[in-house]
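Structure file start-v4.txt with compact mmCIF, C-alpha atoms and all ligand atoms:
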```
# COMPACT_ATOMS: atom_id res chain seq x y z
CA MET A 1 11.52 96.96 149.62
CA SER A 2 11.85 98.35 146.10
CA SER A 3 8.64 98.59 144.08
CA ASN A 4 9.88 96.41 141.22
CA MET A 5 10.36 93.37 143.47
CA PRO A 6 7.84 90.68 142.59
CA ARG A 7 5.35 89.94 145.31
CA LYS A 8 6.11 86.83 147.39
CA ALA A 9 2.95 84.98 148.35
CA GLY A 10 2.62 83.20 151.67
CA ARG A 11 4.58 83.77 154.85
CA HIS A 12 8.29 84.47 154.86
CA PHE A 13 10.26 81.70 156.64
CA LEU A 14 12.31 83.49 159.31
CA GLN A 15 14.67 80.65 160.26
CA ILE A 16 17.43 82.74 161.82
CA PRO A 17 18.34 82.20 165.49
CA GLY A 18 16.67 85.45 166.46
CA PRO A 19 14.83 87.69 166.11
CA THR A 20 12.15 85.00 165.91
CA PRO A 21 8.54 85.06 164.68
CA ILE A 22 6.05 86.59 167.11
CA PRO A 23 2.87 84.72 168.12
CA ASP A 24 -0.33 86.40 166.93
CA ARG A 25 -1.58 86.75 170.51
CA VAL A 26 1.57 88.70 171.37
CA LEU A 27 1.17 90.91 168.30
CA ARG A 28 -2.46 91.62 169.28
CA ALA A 29 -1.41 92.41 172.86
CA MET A 30 1.02 95.06 171.63
CA ASP A 31 -1.58 96.61 169.32
CA ASN A 32 -2.63 99.01 172.04
CA GLN A 33 -2.63 102.76 172.45
CA VAL A 34 0.49 104.09 174.19
CA LEU A 35 0.18 104.35 177.96
CA ASP A 36 1.15 107.02 180.46
CA HIS A 37 4.15 105.27 181.97
CA ARG A 38 3.66 107.21 185.21
CA GLY A 39 -0.03 106.35 185.48
CA PRO A 40 -1.98 103.67 187.38
CA THR A 41 -2.75 101.40 184.37
CA PHE A 42 0.92 101.10 183.55
CA GLN A 43 1.76 100.57 187.20
CA LYS A 44 -0.50 97.51 187.27
CA LEU A 45 0.94 96.09 184.06
CA ALA A 46 4.56 96.63 185.14
CA SER A 47 4.04 95.20 188.63
CA ARG A 48 2.47 92.11 187.14
CA VAL A 49 5.16 91.64 184.48
CA LEU A 50 8.10 92.30 186.84
CA ASP A 51 6.68 89.63 189.11
CA LYS A 52 5.87 86.94 186.61
CA VAL A 53 9.01 87.32 184.49
CA LYS A 54 10.83 85.71 187.43
CA THR A 55 9.12 82.40 186.65
CA VAL A 56 10.85 82.24 183.27
CA PHE A 57 14.28 82.74 184.87
CA LYS A 58 13.31 80.36 187.70
CA THR A 59 14.31 82.89 190.31
CA LYS A 60 12.83 84.54 193.37
CA SER A 61 15.19 87.52 193.14
CA HIS A 62 14.83 90.69 191.14
CA VAL A 63 14.74 90.77 187.35
CA ILE A 64 15.58 94.14 185.83
CA ILE A 65 14.11 95.05 182.45
CA PHE A 66 15.94 97.65 180.37
CA PRO A 67 14.70 99.21 177.15
CA ALA A 68 17.76 97.96 175.23
CA SER A 69 19.14 95.16 173.10
CA GLY A 70 20.83 92.15 174.73
CA THR A 71 24.20 93.90 174.43
CA GLY A 72 23.00 96.46 176.98
CA ALA A 73 22.35 93.67 179.48
CA TRP A 74 25.99 92.51 179.12
CA GLU A 75 27.16 96.02 179.95
CA ALA A 76 24.72 96.36 182.85
CA ALA A 77 25.98 93.13 184.42
CA LEU A 78 29.58 94.37 184.31
CA VAL A 79 29.24 98.05 185.24
CA ASN A 80 27.02 97.37 188.23
CA THR A 81 29.28 94.82 189.89
CA MET A 82 32.89 95.45 188.84
CA ASN A 83 35.64 97.98 189.38
CA PRO A 84 37.95 99.30 186.65
CA GLY A 85 40.83 96.84 186.28
CA ASP A 86 38.95 93.91 187.81
CA LYS A 87 39.85 90.51 186.43
CA LEU A 88 37.31 88.35 184.60
CA LEU A 89 37.45 84.79 183.34
CA MET A 90 35.68 84.17 180.03
CA PHE A 91 35.54 81.26 177.58
CA GLU A 92 35.71 81.70 173.80
CA THR A 93 32.66 79.73 172.71
CA GLY A 94 32.18 81.94 169.63
CA GLN A 95 31.21 85.39 168.42
CA PHE A 96 28.97 86.35 171.35
CA ALA A 97 31.57 85.38 173.94
CA THR A 98 34.08 87.39 171.88
CA LEU A 99 31.87 90.49 171.79
CA TRP A 100 31.27 90.34 175.54
CA HIS A 101 35.01 89.97 176.06
CA ASN A 102 35.72 92.99 173.81
CA MET A 103 33.20 95.05 175.77
CA ALA A 104 34.78 94.12 179.10
CA LYS A 105 38.18 95.24 177.79
CA ARG A 106 36.74 98.56 176.57
CA LEU A 107 35.37 99.06 180.09
CA GLY A 108 38.90 98.68 181.44
CA MET A 109 38.60 95.20 182.86
CA VAL A 110 41.30 92.57 182.48
CA VAL A 111 40.04 89.42 180.84
CA ASP A 112 41.54 85.97 180.85
CA PHE A 113 39.86 84.65 177.69
CA ILE A 114 40.20 80.87 177.41
CA PRO A 115 40.73 80.27 173.67
CA SER A 116 38.72 77.75 171.67
CA ASP A 117 37.89 76.92 168.06
CA TRP A 118 34.18 77.96 168.20
CA ARG A 119 33.14 74.32 167.82
CA VAL A 120 32.60 73.38 171.49
CA GLY A 121 30.88 74.85 174.52
CA VAL A 122 32.46 75.79 177.84
CA ASP A 123 34.75 73.13 179.30
CA PRO A 124 34.16 73.25 183.06
CA GLN A 125 37.51 71.56 183.66
CA LYS A 126 39.37 74.49 182.08
CA ILE A 127 37.41 76.89 184.28
CA GLU A 128 38.38 74.79 187.29
CA GLU A 129 42.10 74.85 186.36
CA LYS A 130 42.06 78.65 186.08
CA LEU A 131 40.25 79.08 189.39
CA ARG A 132 42.65 76.72 191.19
CA GLU A 133 45.61 78.72 189.87
CA ASP A 134 44.00 81.92 191.15
CA LYS A 135 45.13 81.52 194.76
CA ASN A 136 44.61 85.20 195.62
CA HIS A 137 41.08 85.26 194.26
CA GLU A 138 41.81 87.99 191.74
CA ILE A 139 39.14 86.71 189.36
CA LYS A 140 36.00 88.64 190.24
CA ALA A 141 33.60 86.99 187.82
CA VAL A 142 33.32 83.98 185.54
CA CYS A 143 31.32 84.97 182.43
CA VAL A 144 29.94 82.28 180.14
CA VAL A 145 27.49 82.09 177.26
CA HIS A 146 24.77 79.53 178.01
CA HIS A 147 23.81 79.10 174.37
CA GLU A 148 26.41 80.38 171.91
CA THR A 149 24.40 81.55 168.92
CA SER A 150 27.26 81.79 166.44
CA GLY A 151 27.84 78.04 166.56
CA GLY A 152 24.83 76.39 168.19
CA LEU A 153 26.66 75.32 171.35
CA LEU A 154 24.82 74.72 174.62
CA SER A 155 26.96 74.72 177.76
CA ASP A 156 26.27 73.05 181.09
CA VAL A 157 25.91 75.96 183.51
CA ALA A 158 25.22 73.71 186.51
CA ALA A 159 28.57 71.98 185.91
CA ILE A 160 30.33 75.38 185.84
CA ARG A 161 28.68 76.34 189.14
CA LYS A 162 29.89 73.04 190.57
CA VAL A 163 33.54 73.68 189.76
CA ILE A 164 33.38 77.22 191.18
CA ASP A 165 32.02 75.75 194.42
CA ALA A 166 34.52 72.88 194.38
CA CYS A 167 37.33 75.48 194.27
CA ASN A 168 35.71 77.50 197.04
CA HIS A 169 36.20 80.49 194.78
CA PRO A 170 34.22 83.67 195.54
CA ALA A 171 33.91 84.81 191.87
CA LEU A 172 30.47 85.84 190.66
CA LEU A 173 28.91 83.72 187.90
CA PHE A 174 27.51 85.68 184.93
CA VAL A 175 25.55 83.80 182.28
CA ASP A 176 24.49 85.14 178.88
CA SER A 177 21.27 83.33 178.06
CA VAL A 178 20.05 85.75 175.40
CA SER A 179 19.33 82.88 173.01
CA GLY A 180 18.88 80.16 175.65
CA LEU A 181 16.09 81.59 177.78
CA GLY A 182 12.67 80.28 176.75
CA SER A 183 14.16 77.58 174.49
CA ALA A 184 16.55 75.67 176.75
CA ASP A 185 16.17 75.16 180.49
CA LEU A 186 17.73 77.87 182.63
CA ARG A 187 17.59 77.84 186.44
CA HIS A 188 18.91 81.09 187.82
CA ASP A 189 18.51 80.22 191.51
CA GLU A 190 19.20 76.49 191.43
CA TRP A 191 22.37 76.94 189.35
CA GLY A 192 23.60 79.73 191.59
CA ILE A 193 23.86 82.27 188.80
CA ASP A 194 24.63 85.81 189.96
CA VAL A 195 23.56 87.67 186.84
CA THR A 196 21.59 86.12 184.00
CA VAL A 197 21.69 88.28 180.88
CA ALA A 198 18.80 87.94 178.42
CA GLY A 199 16.95 89.67 175.60
CA SER A 200 13.41 89.75 174.25
CA GLN A 201 13.80 88.69 170.60
CA LYS A 202 14.80 85.04 170.78
CA GLY A 203 13.12 82.37 172.91
CA LEU A 204 10.79 84.95 174.46
CA MET A 205 9.09 85.47 171.06
CA LEU A 206 9.02 89.29 171.26
CA PRO A 207 10.37 92.11 169.11
CA PRO A 208 13.92 93.29 169.88
CA GLY A 209 13.99 95.99 172.54
CA LEU A 210 14.04 94.50 176.03
CA ALA A 211 17.20 93.47 177.89
CA PHE A 212 17.16 91.59 181.19
CA ASN A 213 19.40 91.18 184.21
CA ALA A 214 18.25 88.58 186.72
CA ILE A 215 20.36 89.32 189.78
CA SER A 216 21.26 87.38 192.90
CA ALA A 217 21.58 88.83 196.41
CA LYS A 218 25.36 88.38 196.08
CA ALA A 219 25.38 90.44 192.87
CA ILE A 220 23.33 93.19 194.52
CA LYS A 221 25.79 93.22 197.39
CA ALA A 222 28.70 93.57 194.95
CA SER A 223 26.87 96.43 193.24
CA GLU A 224 26.75 98.40 196.50
CA THR A 225 30.52 98.94 196.47
CA ALA A 226 31.36 98.63 192.75
CA LYS A 227 33.33 101.60 191.43
CA GLN A 228 32.79 101.20 187.69
CA PRO A 229 31.09 104.40 186.44
CA LYS A 230 27.48 103.85 185.35
CA GLY A 231 24.45 105.94 184.53
CA TYR A 232 21.73 104.49 182.36
CA TRP A 233 22.41 100.95 183.60
CA ALA A 234 22.37 101.61 187.34
CA TRP A 235 20.52 98.82 189.09
CA ASP A 236 19.75 100.73 192.30
CA GLU A 237 17.55 103.32 190.61
CA MET A 238 15.75 100.58 188.69
CA ILE A 239 15.12 98.47 191.76
CA ASN A 240 13.87 101.48 193.67
CA ALA A 241 11.46 102.57 190.96
CA ASN A 242 10.33 98.98 190.26
CA LYS A 243 9.22 98.60 193.89
CA SER A 244 6.15 100.69 193.12
CA GLY A 245 5.73 99.38 189.56
CA PHE A 246 7.58 102.17 187.77
CA PHE A 247 10.83 102.78 185.91
CA PRO A 248 13.38 105.59 186.33
CA TYR A 249 13.01 106.46 182.63
CA THR A 250 10.55 105.64 179.85
CA PRO A 251 10.29 101.87 179.49
CA ALA A 252 9.40 100.04 176.25
CA THR A 253 5.70 100.07 177.16
CA GLN A 254 4.48 98.30 174.02
CA ILE A 255 6.87 95.37 174.39
CA LEU A 256 5.90 95.01 178.05
CA TYR A 257 2.30 94.39 176.92
CA GLY A 258 3.76 91.68 174.70
CA LEU A 259 5.94 90.22 177.45
CA ASP A 260 2.90 89.90 179.71
CA VAL A 261 1.27 87.59 177.16
CA ALA A 262 4.46 85.82 176.00
CA ILE A 263 5.07 84.60 179.56
CA ASP A 264 1.48 83.31 179.72
CA LEU A 265 1.99 81.43 176.47
CA LEU A 266 5.15 79.74 177.76
CA HIS A 267 3.32 78.58 180.89
CA GLU A 268 0.15 77.55 179.05
CA GLU A 269 2.31 75.19 177.02
CA GLY A 270 4.49 74.30 180.01
CA LEU A 271 8.19 75.17 180.05
CA ASP A 272 9.21 71.51 179.93
CA ASN A 273 7.08 70.99 176.83
CA VAL A 274 8.65 74.09 175.26
CA PHE A 275 12.14 72.69 175.89
CA ALA A 276 11.09 69.22 174.66
CA ARG A 277 9.94 70.51 171.28
CA HIS A 278 13.16 72.48 170.83
CA ASN A 279 15.11 69.31 171.61
CA ARG A 280 13.02 67.34 169.11
CA TRP A 281 13.86 69.86 166.38
CA GLY A 282 17.55 69.83 167.25
CA VAL A 283 17.64 66.04 166.96
CA ALA A 284 15.72 66.05 163.66
CA THR A 285 17.80 68.85 162.14
CA ARG A 286 21.09 67.18 163.06
CA ALA A 287 19.82 63.91 161.58
CA ALA A 288 19.03 65.69 158.30
CA VAL A 289 22.41 67.45 158.23
CA LYS A 290 24.21 64.17 158.85
CA HIS A 291 22.24 62.43 156.12
CA TRP A 292 23.01 65.21 153.63
CA GLY A 293 26.66 64.42 154.32
CA LEU A 294 27.27 67.88 155.77
CA GLU A 295 29.00 68.69 159.03
CA ASN A 296 27.61 70.34 162.16
CA LEU A 297 29.90 73.13 163.39
CA CYS A 298 29.39 71.73 166.91
CA ARG A 299 31.91 68.89 166.99
CA ASP A 300 31.11 67.44 170.42
CA GLU A 301 27.80 65.74 171.28
CA ARG A 302 27.90 67.22 174.78
CA PHE A 303 27.17 70.70 173.43
CA VAL A 304 24.57 70.13 170.70
CA SER A 305 21.91 72.79 170.53
CA PRO A 306 18.12 72.64 170.79
CA VAL A 307 18.00 76.24 169.52
CA MET A 308 19.75 76.21 166.15
CA THR A 309 22.18 74.22 164.03
CA ALA A 310 25.22 75.72 162.28
CA VAL A 311 26.10 73.78 159.14
CA LEU A 312 29.58 73.87 157.60
CA MET A 313 29.62 74.34 153.84
CA PRO A 314 31.41 71.55 151.97
CA ASP A 315 34.51 72.05 149.74
CA GLY A 316 34.99 75.73 150.48
CA LYS A 317 31.63 76.67 148.91
CA GLY A 318 30.35 80.08 150.04
CA ALA A 319 27.61 79.91 152.68
CA ASP A 320 26.41 83.43 151.90
CA GLU A 321 25.82 82.62 148.23
CA PHE A 322 23.86 79.56 149.36
CA ARG A 323 21.77 81.64 151.78
CA LYS A 324 21.05 84.12 148.98
CA ILE A 325 19.83 81.35 146.69
CA VAL A 326 17.55 80.01 149.44
CA LEU A 327 16.18 83.50 150.14
CA ASP A 328 15.59 84.35 146.49
CA THR A 329 14.12 80.97 145.59
CA PHE A 330 12.16 79.94 148.68
CA ASP A 331 11.74 83.20 150.63
CA MET A 332 13.53 81.75 153.65
CA SER A 333 16.11 83.59 155.77
CA LEU A 334 18.87 81.40 157.21
CA GLY A 335 21.39 82.75 159.71
CA ALA A 336 24.78 83.96 158.44
CA GLY A 337 28.15 82.80 159.71
CA LEU A 338 29.76 85.45 161.92
CA ASN A 339 33.37 86.62 162.16
CA LYS A 340 35.70 83.54 162.23
CA VAL A 341 33.11 81.40 160.47
CA ALA A 342 31.74 84.10 158.12
CA ASP A 343 30.71 82.57 154.78
CA LYS A 344 31.77 79.14 156.13
CA VAL A 345 28.49 78.19 157.87
CA PHE A 346 24.80 78.83 157.55
CA ARG A 347 22.60 78.58 160.61
CA ILE A 348 19.17 76.97 160.76
CA GLY A 349 17.15 78.47 163.60
CA HIS A 350 14.66 76.06 165.19
CA LEU A 351 13.52 78.16 168.11
CA GLY A 352 10.65 80.22 169.37
CA ASP A 353 7.04 80.20 168.24
CA THR A 354 7.24 77.51 165.59
CA ASN A 355 6.04 73.94 165.07
CA ASP A 356 6.96 70.56 163.58
CA LEU A 357 5.58 71.32 160.13
CA THR A 358 7.31 74.70 159.90
CA ILE A 359 10.60 73.05 160.83
CA MET A 360 9.99 70.38 158.17
CA GLY A 361 9.30 73.16 155.66
CA ALA A 362 12.55 74.86 156.64
CA LEU A 363 14.53 71.64 156.21
CA ALA A 364 12.85 71.05 152.85
CA GLY A 365 13.92 74.56 151.83
CA VAL A 366 17.52 73.79 152.80
CA GLU A 367 17.52 70.47 150.91
CA MET A 368 15.98 72.02 147.79
CA GLY A 369 18.41 74.92 148.12
CA LEU A 370 21.35 72.48 148.09
CA GLU A 371 19.94 71.04 144.87
CA VAL A 372 19.39 74.45 143.25
CA ALA A 373 22.86 75.65 144.29
CA GLY A 374 24.47 72.50 142.93
CA ILE A 375 26.01 71.51 146.26
CA LYS A 376 26.81 67.82 146.51
CA HIS A 377 24.64 66.10 149.11
CA ASN A 378 22.74 62.88 149.75
CA LYS A 379 19.05 63.28 149.04
CA GLY A 380 16.51 62.35 151.70
CA GLY A 381 17.65 64.32 154.76
CA VAL A 382 14.10 65.63 155.03
CA GLN A 383 12.80 62.05 155.11
CA VAL A 384 15.16 61.24 157.96
CA ALA A 385 14.02 64.34 159.89
CA MET A 386 10.38 63.36 159.36
CA ALA A 387 11.07 59.90 160.72
CA SER A 388 12.86 61.41 163.71
CA ILE A 389 9.98 63.76 164.58
CA ALA A 390 7.35 61.06 164.00
CA ALA A 391 9.26 58.63 166.23
CA ALA A 392 9.39 61.22 169.02
CA HIS A 393 5.61 61.66 168.83
CA GLN A 394 5.01 57.94 168.57
CA GLN A 395 6.90 57.42 171.82
CA GLY A 396 4.83 60.14 173.49
CA HIS A 397 1.64 58.61 172.10
CA HIS A 398 2.50 55.13 173.40
CA ALA A 399 3.39 56.53 176.80
CA ARG A 400 0.00 58.30 176.99
CA VAL A 401 -1.88 55.16 175.94
CA ALA A 402 0.03 53.08 178.50
CA ALA A 403 -0.78 55.60 181.21
CA GLU A 404 -4.52 55.48 180.52
C1 LIG A 501 21.61 87.81 170.17
C2 LIG A 501 22.62 87.57 171.22
C3 LIG A 501 23.26 88.63 171.92
C4 LIG A 501 23.13 90.06 171.55
O1 LIG A 501 21.87 90.53 171.63
P1 LIG A 501 21.48 91.91 170.89
O2 LIG A 501 20.05 92.02 171.23
O3 LIG A 501 21.77 91.72 169.44
O4 LIG A 501 22.32 92.98 171.49
C5 LIG A 501 24.13 88.30 172.93
N1 LIG A 501 24.38 87.03 173.24
C6 LIG A 501 23.83 86.00 172.59
C7 LIG A 501 24.17 84.62 173.00
C8 LIG A 501 22.93 86.25 171.56
O5 LIG A 501 22.37 85.21 170.91
```
Taking this structure as input, can you express it in the form of structure tokens?
Amino acid sequence: MSSNMPRKAGRHFLQIPGPTPIPDRVLRAMDNQVLDHRGPTFQKLASRVLDKVKTVFKTKSHVIIFPASGTGAWEAALVNTMNPGDKLLMFETGQFATLWHNMAKRLGMVVDFIPSDWRVGVDPQKIEEKLREDKNHEIKAVCVVHHETSGGLLSDVAAIRKVIDACNHPALLFVDSVSGLGSADLRHDEWGIDVTVAGSQKGLMLPPGLAFNAISAKAIKASETAKQPKGYWAWDEMINANKSGFFPYTPATQILYGLDVAIDLLHEEGLDNVFARHNRWGVATRAAVKHWGLENLCRDERFVSPVMTAVLMPDGKGADEFRKIVLDTFDMSLGAGLNKVADKVFRIGHLGDTNDLTIMGALAGVEMGLEVAGIKHNKGGVQVAMASIAAAHQQGHHARVAAE
């Protein structure tokens, strides 16, 4: 930051859909001297974390932790299980699905990319049609984004599993839950996911730097014969080293201290309570957006997001200019529109370690920003969001009283 910038008092509002603010207890946990990653203290920490991270994915199988960004976990899923030229089925939910698709093509795989307008989640029926057409079982994996972070679109992974089973198709199911995990329910085992891809900096409330692959027995079996070249991402060396609480190369020791505590925090609150508060904020934010007279990029109720809301700018007004005004005036970062929707949407993150009043502050910042920027809107969206959040708590309160 340049020295002539005026000081901003108070906390910055980081309302982007990741990286997200980090709980103080997690920050304190990482404020530790660096460990010998081949020594006994680290071994204890890693064994504990590798074991308990499974509870967040709701799996009994192995979860691999790479020192990498989420993008690395996409690559790891593909290079460990596929052969060059293998066919994949993907669905264009938005920018993250597009980037994963581009990566698969770079790796020499052939992708059938079901096109969409970035305003809906995965349509299981379209997956089913493609799988039924694939009589020779050439499709080796179905890859979907659980929560598409460019548009705020949550897809029904259980429904996708169902159609794969209904077709009796042997394809593996790969799910990107980088921005879903820890904010929206994800059930790796129950939903029959073969590889869940995740990252540290969104619902897990950690700094960027860890990438995850939760892997099924079927995915491990595929990895034993897969011919795609791989080095850094090789699962077998990871699994072998992890057995004794170690890694084949230097892990992100500091973030693992943080992960240890972040998982505890999620369970202290209760995963269902974590998901419920994200849902509450999604409902309240959408109510405010609707009241302002603005449009949610997500155009189908079935896919609305508990994680973030992408708002379309009215009358061709620039979203980036609006975000700049909000940042300069209220010290709040909103998410930018990406690629196809660049400058057309701004994204309000309502995920991670935050609370009702912070979300209300964020919505107030958006409403005041609309006023400052001279963007036509109906006043009182914040009021509507307050009523929505209060009603949710009132219901909970009545239910508790009735139960007593
Ligand atoms: C953030 C994100 C990624 C990419 O993660 P990086 O850590 O930036 O590599 C992939 N998929 C989704 C859905 C994301 O939200």
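In this model, the gap between atom CA of A:Thr225 and atom CA of A:Asp86 comes to 13.1 Å.
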Long-range neighbours of stretch 290-304 of chain A as a compact mmCIF listing (two decimals) with C-alpha atoms, keeping the file's coordinate frame, 7 Å cut-off, only C-alpha atoms, 5 positions minimum in chain:
```txt
# COMPACT_ATOMS: atom_id res chain seq x y z
CA ARG A 119 33.14 74.32 167.82
CA VAL A 120 32.60 73.38 171.49
CA GLY A 121 30.88 74.85 174.52
CA GLY A 151 27.84 78.04 166.56
CA GLY A 152 24.83 76.39 168.19
CA LEU A 153 26.66 75.32 171.35
CA LEU A 154 24.82 74.72 174.62
CA SER A 155 26.96 74.72 177.76
CA THR A 309 22.18 74.22 164.03
CA ALA A 310 25.22 75.72 162.28
CA VAL A 311 26.10 73.78 159.14
CA LEU A 312 29.58 73.87 157.60
CA PRO A 314 31.41 71.55 151.97
CA HIS A 377 24.64 66.10 149.11
CA ASN A 378 22.74 62.88 149.75
CA LYS A 379 19.05 63.28 149.04
CA GLY A 381 17.65 64.32 154.76
```
Padding 3 Å on each side, edges along x, y and z: where is the centre of the box around the listed atoms of ligand LIG 501 (chain A), and how long are its edges in Å to one decimal? Output it as AutoDock Vina command-line options.
```
--center_x 22.2 --center_y 88.8 --center_z 171.3 --size_x 10.3 --size_y 14.4 --size_z 9.8
```
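Residues within 10 Å of A:Ile375, counting only C-alpha atoms and excluding same-chain residues fewer than 5 positions away, are Met313, Pro314, Asp315, Lys317, Phe322, Glu367, Gly369 and Leu370 of chain A.
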Which residues of stretch 59-129 of chain A sit at most 7 Å from stretch 161-178 of chain A, using all atoms listed in the file? Give each one's shortest atom pair and distance in Å (one decimal place), in chain and ascending residue order, as JSON lines.
```
{"residue": "A:Gly70", "atom": "CA", "partner": "A:Val178", "partner_atom": "CA", "distance": 6.5}
{"residue": "A:Pro124", "atom": "CA", "partner": "A:Val163", "partner_atom": "CA", "distance": 6.7}
{"residue": "A:Glu128", "atom": "CA", "partner": "A:Val163", "partner_atom": "CA", "distance": 5.5}
```
_Test item: residues lying within 7 Å of ligand LIG 501 (chain A) with all atoms listed in the file, as a ChimeraX atom specification_ = /A:18,69-72,96,145,147-149,176-179,199,208
For stretch 229-241 of chain A in the structure I just supplied, write out N, CA and C atoms - as a PDB file, in the first residue's frame.
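Okay, out.pdb is ready:
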```pdb
ATOM      1  N   PRO A 229       1.036 -39.095 -17.535  1.00  0.00           N
ATOM      2  CA  PRO A 229       2.266 -38.825 -16.772  1.00  0.00           C
ATOM      3  C   PRO A 229       1.972 -37.940 -15.556  1.00  0.00           C
ATOM      4  N   LYS A 230       2.639 -38.200 -14.458  1.00  0.00           N
ATOM      5  CA  LYS A 230       2.458 -37.380 -13.248  1.00  0.00           C
ATOM      6  C   LYS A 230       3.721 -37.451 -12.405  1.00  0.00           C
ATOM      7  N   GLY A 231       3.959 -36.402 -11.660  1.00  0.00           N
ATOM      8  CA  GLY A 231       5.109 -36.396 -10.765  1.00  0.00           C
ATOM      9  C   GLY A 231       4.672 -35.882  -9.411  1.00  0.00           C
ATOM     10  N   TYR A 232       4.656 -34.577  -9.312  1.00  0.00           N
ATOM     11  CA  TYR A 232       4.284 -33.907  -8.057  1.00  0.00           C
ATOM     12  C   TYR A 232       2.961 -34.408  -7.488  1.00  0.00           C
ATOM     13  N   TRP A 233       2.004 -34.699  -8.381  1.00  0.00           N
ATOM     14  CA  TRP A 233       0.637 -35.009  -7.936  1.00  0.00           C
ATOM     15  C   TRP A 233       0.390 -36.475  -7.639  1.00  0.00           C
ATOM     16  N   ALA A 234       1.393 -37.314  -7.759  1.00  0.00           N
ATOM     17  CA  ALA A 234       1.169 -38.762  -7.640  1.00  0.00           C
ATOM     18  C   ALA A 234       0.561 -39.134  -6.290  1.00  0.00           C
ATOM     19  N   TRP A 235      -0.587 -39.775  -6.358  1.00  0.00           N
ATOM     20  CA  TRP A 235      -1.279 -40.182  -5.123  1.00  0.00           C
ATOM     21  C   TRP A 235      -0.509 -41.268  -4.369  1.00  0.00           C
ATOM     22  N   ASP A 236       0.062 -42.234  -5.097  1.00  0.00           N
ATOM     23  CA  ASP A 236       0.629 -43.403  -4.412  1.00  0.00           C
ATOM     24  C   ASP A 236       1.721 -43.014  -3.415  1.00  0.00           C
ATOM     25  N   GLU A 237       2.574 -42.060  -3.826  1.00  0.00           N
ATOM     26  CA  GLU A 237       3.652 -41.651  -2.920  1.00  0.00           C
ATOM     27  C   GLU A 237       3.095 -40.914  -1.701  1.00  0.00           C
ATOM     28  N   MET A 238       2.034 -40.146  -1.935  1.00  0.00           N
ATOM     29  CA  MET A 238       1.380 -39.427  -0.837  1.00  0.00           C
ATOM     30  C   MET A 238       0.784 -40.423   0.163  1.00  0.00           C
ATOM     31  N   ILE A 239       0.016 -41.352  -0.392  1.00  0.00           N
ATOM     32  CA  ILE A 239      -0.678 -42.313   0.482  1.00  0.00           C
ATOM     33  C   ILE A 239       0.336 -43.110   1.299  1.00  0.00           C
ATOM     34  N   ASN A 240       1.416 -43.502   0.636  1.00  0.00           N
ATOM     35  CA  ASN A 240       2.455 -44.259   1.339  1.00  0.00           C
ATOM     36  C   ASN A 240       3.064 -43.474   2.479  1.00  0.00           C
ATOM     37  N   ALA A 241       3.435 -42.225   2.186  1.00  0.00           N
ATOM     38  CA  ALA A 241       4.080 -41.396   3.213  1.00  0.00           C
ATOM     39  C   ALA A 241       3.079 -41.051   4.320  1.00  0.00           C
TER      40      ALA A 241
END
```
